[in-house]
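> File follows, work19.cif with mmCIF, C-alpha atoms and all ligand atoms; chains and numbers go by the auth columns:
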data_work
#
loop_
_atom_site.group_PDB
_atom_site.id
_atom_site.type_symbol
_atom_site.label_atom_id
_atom_site.label_comp_id
_atom_site.label_asym_id
_atom_site.label_seq_id
_atom_site.Cartn_x
_atom_site.Cartn_y
_atom_site.Cartn_z
_atom_site.B_iso_or_equiv
_atom_site.auth_seq_id
_atom_site.auth_asym_id
ATOM 1 C CA MET A 1 15.626 -83.960 -49.299 0.00 60 A
ATOM 2 C CA LYS A 2 15.865 -81.838 -52.472 0.00 61 A
ATOM 3 C CA GLU A 3 18.725 -79.347 -52.500 0.00 62 A
ATOM 4 C CA LEU A 4 19.052 -75.889 -54.021 0.00 63 A
ATOM 5 C CA VAL A 5 22.312 -73.962 -54.157 0.00 64 A
ATOM 6 C CA ILE A 6 22.010 -70.276 -53.241 0.00 65 A
ATOM 7 C CA ALA A 7 24.837 -68.160 -54.706 0.00 66 A
ATOM 8 C CA THR A 8 25.488 -66.132 -51.580 0.00 67 A
ATOM 9 C CA LYS A 9 28.230 -65.824 -49.000 0.00 68 A
ATOM 10 C CA ASN A 10 26.052 -63.708 -46.708 0.00 69 A
ATOM 11 C CA LYS A 11 25.196 -65.729 -43.586 0.00 70 A
ATOM 12 C CA GLY A 12 22.122 -63.620 -42.788 0.00 71 A
ATOM 13 C CA LYS A 13 20.628 -64.149 -46.244 0.00 72 A
ATOM 14 C CA ALA A 14 21.555 -67.849 -46.167 0.00 73 A
ATOM 15 C CA ASN A 15 19.681 -68.373 -42.886 0.00 74 A
ATOM 16 C CA GLU A 16 16.584 -66.645 -44.244 0.00 75 A
ATOM 17 C CA PHE A 17 16.622 -68.801 -47.400 0.00 76 A
ATOM 18 C CA LYS A 18 16.973 -71.913 -45.224 0.00 77 A
ATOM 19 C CA SER A 19 13.796 -71.133 -43.339 0.00 78 A
ATOM 20 C CA PHE A 20 11.847 -70.155 -46.481 0.00 79 A
ATOM 21 C CA PHE A 21 12.789 -73.319 -48.369 0.00 80 A
ATOM 22 C CA GLU A 22 12.360 -75.655 -45.390 0.00 81 A
ATOM 23 C CA LYS A 23 8.595 -75.145 -45.790 0.00 82 A
ATOM 24 C CA TYR A 24 8.845 -76.637 -49.290 0.00 83 A
ATOM 25 C CA GLY A 25 11.006 -79.540 -48.121 0.00 84 A
ATOM 26 C CA ILE A 26 14.070 -78.104 -49.848 0.00 85 A
ATOM 27 C CA ASN A 27 17.519 -77.786 -48.294 0.00 86 A
ATOM 28 C CA ALA A 28 18.943 -74.383 -49.314 0.00 87 A
ATOM 29 C CA ILE A 29 22.740 -74.604 -49.410 0.00 88 A
ATOM 30 C CA SER A 30 24.823 -71.418 -49.506 0.00 89 A
ATOM 31 C CA LEU A 31 28.319 -71.066 -50.972 0.00 90 A
ATOM 32 C CA LEU A 32 29.630 -70.961 -47.383 0.00 91 A
ATOM 33 C CA GLU A 33 28.679 -74.636 -46.987 0.00 92 A
ATOM 34 C CA LEU A 34 30.097 -76.068 -50.206 0.00 93 A
ATOM 35 C CA GLN A 35 33.222 -78.247 -49.924 0.00 94 A
ATOM 36 C CA GLU A 36 35.011 -76.492 -52.776 0.00 95 A
ATOM 37 C CA GLU A 37 36.186 -72.936 -52.302 0.00 96 A
ATOM 38 C CA ILE A 38 34.167 -70.597 -54.563 0.00 97 A
ATOM 39 C CA ASN A 39 35.907 -67.335 -55.449 0.00 98 A
ATOM 40 C CA ASP A 40 33.998 -64.119 -54.793 0.00 99 A
ATOM 41 C CA ILE A 41 31.953 -63.079 -57.798 0.00 100 A
ATOM 42 C CA GLU A 42 32.586 -59.487 -58.811 0.00 101 A
ATOM 43 C CA GLU A 43 29.344 -57.549 -58.810 0.00 102 A
ATOM 44 C CA THR A 44 30.159 -55.340 -61.772 0.00 103 A
ATOM 45 C CA GLY A 45 26.572 -54.767 -62.948 0.00 104 A
ATOM 46 C CA SER A 46 24.814 -51.423 -62.767 0.00 105 A
ATOM 47 C CA THR A 47 21.464 -52.856 -61.598 0.00 106 A
ATOM 48 C CA PHE A 48 20.276 -55.372 -58.997 0.00 107 A
ATOM 49 C CA GLU A 49 19.125 -57.583 -61.900 0.00 108 A
ATOM 50 C CA GLU A 50 22.549 -57.620 -63.569 0.00 109 A
ATOM 51 C CA ASN A 51 24.318 -58.448 -60.321 0.00 110 A
ATOM 52 C CA ALA A 52 21.829 -61.166 -59.357 0.00 111 A
ATOM 53 C CA ALA A 53 22.220 -62.707 -62.836 0.00 112 A
ATOM 54 C CA LEU A 54 26.031 -62.567 -62.621 0.00 113 A
ATOM 55 C CA LYS A 55 25.993 -64.499 -59.339 0.00 114 A
ATOM 56 C CA ALA A 56 23.373 -67.094 -60.344 0.00 115 A
ATOM 57 C CA GLU A 57 24.692 -67.732 -63.866 0.00 116 A
ATOM 58 C CA GLN A 58 28.357 -68.001 -62.915 0.00 117 A
ATOM 59 C CA ILE A 59 27.743 -70.667 -60.262 0.00 118 A
ATOM 60 C CA SER A 60 25.101 -72.472 -62.342 0.00 119 A
ATOM 61 C CA GLU A 61 27.470 -72.605 -65.305 0.00 120 A
ATOM 62 C CA SER A 62 30.392 -73.959 -63.303 0.00 121 A
ATOM 63 C CA MET A 63 28.369 -76.530 -61.317 0.00 122 A
ATOM 64 C CA GLN A 64 25.860 -77.350 -64.105 0.00 123 A
ATOM 65 C CA ILE A 65 22.910 -77.210 -61.720 0.00 124 A
ATOM 66 C CA PRO A 66 20.041 -74.754 -61.041 0.00 125 A
ATOM 67 C CA VAL A 67 21.201 -71.869 -58.829 0.00 126 A
ATOM 68 C CA LEU A 68 19.321 -69.045 -57.092 0.00 127 A
ATOM 69 C CA ALA A 69 20.984 -65.701 -56.353 0.00 128 A
ATOM 70 C CA ASP A 70 19.802 -62.648 -54.428 0.00 129 A
ATOM 71 C CA ASP A 71 20.936 -59.106 -55.037 0.00 130 A
ATOM 72 C CA SER A 72 19.381 -56.708 -52.621 0.00 131 A
ATOM 73 C CA GLY A 73 19.808 -53.363 -50.940 0.00 132 A
ATOM 74 C CA LEU A 74 18.389 -50.375 -49.171 0.00 133 A
ATOM 75 C CA MET A 75 17.074 -47.406 -51.175 0.00 134 A
ATOM 76 C CA ILE A 76 16.645 -44.103 -49.320 0.00 135 A
ATOM 77 C CA ASP A 77 14.522 -41.496 -51.097 0.00 136 A
ATOM 78 C CA THR A 78 16.299 -38.389 -49.856 0.00 137 A
ATOM 79 C CA LEU A 79 19.656 -39.920 -50.870 0.00 138 A
ATOM 80 C CA ASP A 80 18.374 -40.442 -54.452 0.00 139 A
ATOM 81 C CA GLY A 81 18.070 -44.190 -53.897 0.00 140 A
ATOM 82 C CA ARG A 82 21.478 -44.731 -52.290 0.00 141 A
ATOM 83 C CA PRO A 83 23.032 -46.959 -50.995 0.00 142 A
ATOM 84 C CA GLY A 84 21.125 -49.058 -53.601 0.00 143 A
ATOM 85 C CA ILE A 85 23.314 -51.542 -55.439 0.00 144 A
ATOM 86 C CA PHE A 86 26.266 -50.375 -53.325 0.00 145 A
ATOM 87 C CA SER A 87 24.560 -51.356 -50.053 0.00 146 A
ATOM 88 C CA ALA A 88 26.995 -54.117 -49.055 0.00 147 A
ATOM 89 C CA ARG A 89 30.102 -51.915 -49.319 0.00 148 A
ATOM 90 C CA TYR A 90 28.637 -48.429 -48.896 0.00 149 A
ATOM 91 C CA ALA A 91 31.360 -47.386 -46.429 0.00 150 A
ATOM 92 C CA GLY A 92 34.081 -49.110 -48.496 0.00 151 A
ATOM 93 C CA GLU A 93 36.129 -52.303 -48.197 0.00 152 A
ATOM 94 C CA PRO A 94 36.058 -54.570 -46.296 0.00 153 A
ATOM 95 C CA LYS A 95 32.290 -55.031 -46.073 0.00 154 A
ATOM 96 C CA ASP A 96 31.206 -53.745 -42.636 0.00 155 A
ATOM 97 C CA ASP A 97 27.524 -53.534 -41.602 0.00 156 A
ATOM 98 C CA GLN A 98 28.142 -51.115 -38.707 0.00 157 A
ATOM 99 C CA ALA A 99 30.270 -48.762 -40.829 0.00 158 A
ATOM 100 C CA ASN A 100 27.503 -48.754 -43.473 0.00 159 A
ATOM 101 C CA ILE A 101 24.897 -47.886 -40.827 0.00 160 A
ATOM 102 C CA ASP A 102 27.100 -45.093 -39.445 0.00 161 A
ATOM 103 C CA LYS A 103 27.525 -43.623 -42.931 0.00 162 A
ATOM 104 C CA VAL A 104 23.765 -43.610 -43.607 0.00 163 A
ATOM 105 C CA MET A 105 23.009 -42.087 -40.190 0.00 164 A
ATOM 106 C CA HIS A 106 25.635 -39.401 -40.788 0.00 165 A
ATOM 107 C CA GLU A 107 24.208 -38.586 -44.231 0.00 166 A
ATOM 108 C CA LEU A 108 20.646 -38.320 -42.937 0.00 167 A
ATOM 109 C CA GLN A 109 21.565 -36.468 -39.724 0.00 168 A
ATOM 110 C CA GLU A 110 18.415 -34.792 -38.379 0.00 169 A
ATOM 111 C CA SER A 111 16.518 -35.050 -41.684 0.00 170 A
ATOM 112 C CA THR A 112 12.773 -35.584 -41.323 0.00 171 A
ATOM 113 C CA GLU A 113 12.671 -37.070 -44.845 0.00 172 A
ATOM 114 C CA ARG A 114 13.517 -40.678 -43.905 0.00 173 A
ATOM 115 C CA SER A 115 11.366 -42.838 -46.197 0.00 174 A
ATOM 116 C CA ALA A 116 13.154 -45.878 -47.647 0.00 175 A
ATOM 117 C CA ARG A 117 12.620 -49.370 -48.967 0.00 176 A
ATOM 118 C CA PHE A 118 14.467 -52.643 -49.060 0.00 177 A
ATOM 119 C CA VAL A 119 14.605 -54.208 -52.513 0.00 178 A
ATOM 120 C CA CYS A 120 15.367 -57.832 -53.379 0.00 179 A
ATOM 121 C CA ILE A 121 15.922 -59.247 -56.844 0.00 180 A
ATOM 122 C CA LEU A 122 16.076 -63.008 -57.142 0.00 181 A
ATOM 123 C CA ALA A 123 17.644 -64.591 -60.218 0.00 182 A
ATOM 124 C CA VAL A 124 17.240 -68.277 -61.030 0.00 183 A
ATOM 125 C CA ALA A 125 19.744 -69.693 -63.507 0.00 184 A
ATOM 126 C CA VAL A 126 19.196 -73.156 -64.971 0.00 185 A
ATOM 127 C CA PRO A 127 21.766 -74.548 -67.432 0.00 186 A
ATOM 128 C CA GLY A 128 20.492 -74.101 -70.998 0.00 187 A
ATOM 129 C CA GLU A 129 17.514 -71.950 -69.956 0.00 188 A
ATOM 130 C CA MET A 130 16.752 -68.231 -69.766 0.00 189 A
ATOM 131 C CA THR A 131 17.426 -66.748 -66.331 0.00 190 A
ATOM 132 C CA ILE A 132 14.239 -65.740 -64.521 0.00 191 A
ATOM 133 C CA PHE A 133 13.866 -62.779 -62.169 0.00 192 A
ATOM 134 C CA LYS A 134 11.493 -61.919 -59.312 0.00 193 A
ATOM 135 C CA LYS A 135 11.400 -58.604 -57.422 0.00 194 A
ATOM 136 C CA GLY A 136 10.330 -57.941 -53.834 0.00 195 A
ATOM 137 C CA TYR A 137 9.969 -54.799 -51.711 0.00 196 A
ATOM 138 C CA CYS A 138 9.592 -53.795 -48.089 0.00 197 A
ATOM 139 C CA GLU A 139 8.574 -50.165 -47.494 0.00 198 A
ATOM 140 C CA GLY A 140 9.629 -48.276 -44.380 0.00 199 A
ATOM 141 C CA LYS A 141 11.753 -45.497 -42.932 0.00 200 A
ATOM 142 C CA ILE A 142 15.156 -44.965 -41.395 0.00 201 A
ATOM 143 C CA ALA A 143 15.098 -44.843 -37.581 0.00 202 A
ATOM 144 C CA THR A 144 16.615 -41.919 -35.717 0.00 203 A
ATOM 145 C CA VAL A 145 18.303 -44.310 -33.274 0.00 204 A
ATOM 146 C CA GLN A 146 19.843 -47.684 -34.098 0.00 205 A
ATOM 147 C CA ALA A 147 18.169 -50.579 -32.231 0.00 206 A
ATOM 148 C CA GLY A 148 18.040 -54.383 -32.169 0.00 207 A
ATOM 149 C CA GLU A 149 20.423 -57.296 -32.635 0.00 208 A
ATOM 150 C CA ASN A 150 18.543 -59.617 -35.000 0.00 209 A
ATOM 151 C CA GLY A 151 18.929 -59.873 -38.750 0.00 210 A
ATOM 152 C CA PHE A 152 21.889 -58.319 -40.577 0.00 211 A
ATOM 153 C CA GLY A 153 22.936 -55.350 -42.687 0.00 212 A
ATOM 154 C CA TYR A 154 20.743 -52.283 -42.231 0.00 213 A
ATOM 155 C CA ASP A 155 18.070 -54.062 -40.140 0.00 214 A
ATOM 156 C CA PRO A 156 18.956 -52.077 -36.947 0.00 215 A
ATOM 157 C CA ILE A 157 18.002 -48.768 -38.631 0.00 216 A
ATOM 158 C CA PHE A 158 15.032 -49.836 -40.792 0.00 217 A
ATOM 159 C CA ILE A 159 11.481 -49.482 -39.446 0.00 218 A
ATOM 160 C CA PRO A 160 8.964 -51.271 -41.698 0.00 219 A
ATOM 161 C CA VAL A 161 5.642 -49.530 -42.441 0.00 220 A
ATOM 162 C CA GLY A 162 3.091 -50.411 -39.739 0.00 221 A
ATOM 163 C CA TYR A 163 5.772 -51.050 -37.081 0.00 222 A
ATOM 164 C CA THR A 164 7.405 -48.954 -34.375 0.00 223 A
ATOM 165 C CA GLN A 165 10.391 -51.293 -33.960 0.00 224 A
ATOM 166 C CA THR A 166 13.337 -51.764 -36.276 0.00 225 A
ATOM 167 C CA MET A 167 13.660 -54.899 -38.382 0.00 226 A
ATOM 168 C CA ALA A 168 16.474 -55.991 -36.027 0.00 227 A
ATOM 169 C CA GLU A 169 14.059 -55.877 -33.076 0.00 228 A
ATOM 170 C CA LEU A 170 11.609 -58.223 -34.815 0.00 229 A
ATOM 171 C CA SER A 171 11.944 -61.994 -34.465 0.00 230 A
ATOM 172 C CA PRO A 172 13.343 -63.822 -37.513 0.00 231 A
ATOM 173 C CA GLU A 173 9.855 -65.272 -38.090 0.00 232 A
ATOM 174 C CA GLU A 174 8.270 -61.800 -38.088 0.00 233 A
ATOM 175 C CA LYS A 175 10.931 -60.394 -40.440 0.00 234 A
ATOM 176 C CA ASN A 176 10.421 -63.332 -42.797 0.00 235 A
ATOM 177 C CA LYS A 177 6.696 -62.548 -43.042 0.00 236 A
ATOM 178 C CA ILE A 178 7.189 -58.977 -44.263 0.00 237 A
ATOM 179 C CA SER A 179 10.660 -58.715 -45.800 0.00 238 A
ATOM 180 C CA HIS A 180 11.574 -57.838 -49.378 0.00 239 A
ATOM 181 C CA ARG A 181 13.142 -61.291 -49.610 0.00 240 A
ATOM 182 C CA SER A 182 9.937 -63.077 -48.635 0.00 241 A
ATOM 183 C CA ASP A 183 7.949 -60.852 -51.042 0.00 242 A
ATOM 184 C CA ALA A 184 10.234 -61.955 -53.896 0.00 243 A
ATOM 185 C CA ILE A 185 10.220 -65.622 -52.833 0.00 244 A
ATOM 186 C CA LYS A 186 6.412 -65.738 -52.819 0.00 245 A
ATOM 187 C CA LYS A 187 6.506 -64.686 -56.481 0.00 246 A
ATOM 188 C CA LEU A 188 8.887 -67.579 -57.180 0.00 247 A
ATOM 189 C CA GLU A 189 6.576 -70.159 -55.619 0.00 248 A
ATOM 190 C CA ASP A 190 5.518 -71.812 -58.899 0.00 249 A
ATOM 191 C CA TRP A 191 9.136 -72.490 -59.802 0.00 250 A
ATOM 192 C CA VAL A 192 9.915 -73.750 -56.297 0.00 251 A
ATOM 193 C CA ILE A 193 7.001 -76.184 -56.309 0.00 252 A
ATOM 194 C CA HIS A 194 8.100 -77.441 -59.738 0.00 253 A
ATOM 195 C CA LEU A 195 11.558 -78.138 -58.242 0.00 254 A
ATOM 196 C CA GLN A 196 10.140 -80.554 -55.656 0.00 255 A
HETATM 197 O O1 LIG B . 26.392 -60.979 -52.689 0.00 301 B
HETATM 198 P P1 LIG B . 26.123 -61.941 -51.562 0.00 301 B
HETATM 199 O O2 LIG B . 27.213 -62.951 -51.354 0.00 301 B
HETATM 200 O O3 LIG B . 24.764 -62.570 -51.657 0.00 301 B
HETATM 201 O O4 LIG B . 26.081 -61.099 -50.168 0.00 301 B
HETATM 202 P P2 LIG B . 26.079 -59.502 -50.025 0.00 301 B
HETATM 203 O O5 LIG B . 25.932 -59.164 -48.581 0.00 301 B
HETATM 204 O O6 LIG B . 27.253 -58.908 -50.752 0.00 301 B
HETATM 205 O O7 LIG B . 24.720 -59.131 -50.745 0.00 301 B
HETATM 206 P P3 LIG B . 24.419 -58.036 -51.866 0.00 301 B
HETATM 207 O O8 LIG B . 25.550 -57.912 -52.790 0.00 301 B
HETATM 208 O O9 LIG B . 23.060 -58.397 -52.426 0.00 301 B
HETATM 209 O O10 LIG B . 24.285 -56.717 -51.017 0.00 301 B
HETATM 210 C C1 LIG B . 23.149 -56.597 -50.213 0.00 301 B
HETATM 211 C C2 LIG B . 23.395 -55.670 -49.039 0.00 301 B
HETATM 212 O O11 LIG B . 22.164 -54.957 -48.798 0.00 301 B
HETATM 213 C C3 LIG B . 21.840 -54.986 -47.436 0.00 301 B
HETATM 214 N N1 LIG B . 20.665 -55.852 -47.232 0.00 301 B
HETATM 215 C C4 LIG B . 20.077 -56.699 -48.125 0.00 301 B
HETATM 216 N N2 LIG B . 19.055 -57.376 -47.577 0.00 301 B
HETATM 217 C C5 LIG B . 18.984 -56.943 -46.300 0.00 301 B
HETATM 218 C C6 LIG B . 18.159 -57.291 -45.219 0.00 301 B
HETATM 219 O O12 LIG B . 17.228 -58.238 -45.303 0.00 301 B
HETATM 220 N N3 LIG B . 18.343 -56.647 -44.055 0.00 301 B
HETATM 221 C C7 LIG B . 19.298 -55.704 -43.929 0.00 301 B
HETATM 222 N N4 LIG B . 20.141 -55.349 -44.890 0.00 301 B
HETATM 223 C C8 LIG B . 19.995 -55.960 -46.083 0.00 301 B
HETATM 224 C C9 LIG B . 23.044 -55.561 -46.707 0.00 301 B
HETATM 225 O O13 LIG B . 23.921 -54.514 -46.394 0.00 301 B
HETATM 226 C C10 LIG B . 23.683 -56.461 -47.765 0.00 301 B
HETATM 227 O O14 LIG B . 25.060 -56.660 -47.548 0.00 301 B
HETATM 228 MG MG MG B . 27.378 -59.040 -52.789 0.00 302 B
#
Produce structure tokens that represent the structure in this file.

Amino acid sequence: MKELVIATKNKGKANEFKSFFEKYGINAISLLELQEEINDIEETGSTFEENAALKAEQISESMQIPVLADDSGLMIDTLDGRPGIFSARYAGEPKDDQANIDKVMHELQESTERSARFVCILAVAVPGEMTIFKKGYCEGKIATVQAGENGFGYDPIFIPVGYTQTMAELSPEEKNKISHRSDAIKKLEDWVIHLQ
């Protein structure tokens, strides 16, 4: 089976990439599964694109293989797009999904302006080639009550457009049909097929 290294240490993302790439007969391997210990890559960029490129290019360079990275986040309109690129550590170090949710819920309080979107930027770095980028979205709103156990990150407070449940109440299969990550992956299909 073909293999593709995904420059992520996020278990939730890694699982989603596994199921996307399985369909193409590709084994998606995250940094959590590699034998060698990979140091955390500092996400010092000021955009999703810069951070996705940092992750993909650093691992691709050191391993001399094609690498895919994902930089993603939640953008809330009434918070001027926050947490945005700071989504993973919105409530500070160490990264804590529940603390991030609590902070967002506190900031929104009773607000009726709750529109938001998940954004995903994929970067593919191949040694000696220009890095390519694909962008995906999932539109929705922030719930007034946290619900659901599936997924990761902000899924328990994000209600996608056309749904009454949160992303964390949907099955993994349902999430993978409509998520920002799947939207971006579909746009990468030509490259993925070429990899096979
Ligand atoms: O950098 P890597 O190692 O890939 O893992 P990370 O969790 O730090 O990933 P990001 O830097 O891209 O930050 C993305 C954050 O945005 C949130 N997020 C992204 N995609 C999400 C999704 O599908 N569902 C819920 N929250 C998501 C979640 O809080 C993530 O930690
Ligand atoms: Mg990160």
> Kindly resolve the PyMOL selection byres (((not hetatm)) within 9 of (chain B and resi 302)) on the present coordinates and return the residues as a VMD selection string.
chain A and resid 67 to 69 99 to 102 110 to 111 114 129 to 131 144 to 148
> Report the centre and edge lengths, in Å to one decimal, of an axis-aligned box enclosing every atom of ligand LIG 301 (chain B) listed in the file, padded by 3 Å on each side, as AutoDock Vina command-line options.

--center_x 22.2 --center_y -58.7 --center_z -48.4 --size_x 16.0 --size_y 14.4 --size_z 14.9
> When the PyMOL selection byres (((chain A and resi 83) around 8) and not hetatm) is applied to the file above, which residues end up in the set, as a PDB file with C-alpha atoms, in the frame of the given file?

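Okay, this is what ended up in expr.pdb:
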ATOM      1  CA  PHE A  79      11.847 -70.155 -46.481  1.00  0.00           C
ATOM      2  CA  PHE A  80      12.789 -73.319 -48.369  1.00  0.00           C
ATOM      3  CA  GLU A  81      12.360 -75.655 -45.390  1.00  0.00           C
ATOM      4  CA  LYS A  82       8.595 -75.145 -45.790  1.00  0.00           C
ATOM      5  CA  GLY A  84      11.006 -79.540 -48.121  1.00  0.00           C
ATOM      6  CA  ILE A  85      14.070 -78.104 -49.848  1.00  0.00           C
ATOM      7  CA  VAL A 251       9.915 -73.750 -56.297  1.00  0.00           C
ATOM      8  CA  ILE A 252       7.001 -76.184 -56.309  1.00  0.00           C
ATOM      9  CA  GLN A 255      10.140 -80.554 -55.656  1.00  0.00           C
TER      10      GLN A 255
END
> List the spatial neighbours of Gln168 of chain A as a PyMOL selection string - criterion: any atom at most 12 Å away, all atoms listed in the file, same-chain residues fewer than 2 positions off excluded.
chain A and resi 137-138+160-166+170-173+201-204
> Check the smallest atom-to-atom distance from each of A:Glu108, A:Asp242, A:Glu198, A:Ala175 to Tyr222 of chain A using only C-alpha atoms, then report the winner.
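Closest residue, counting only C-alpha atoms: A:Glu198.
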> Would you mind reading off the distance between atom CA of Lys246 of chain A and atom CA of Gln123 of chain A, one decimal, in Å?
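These atoms are spaced 24.4 Å apart.
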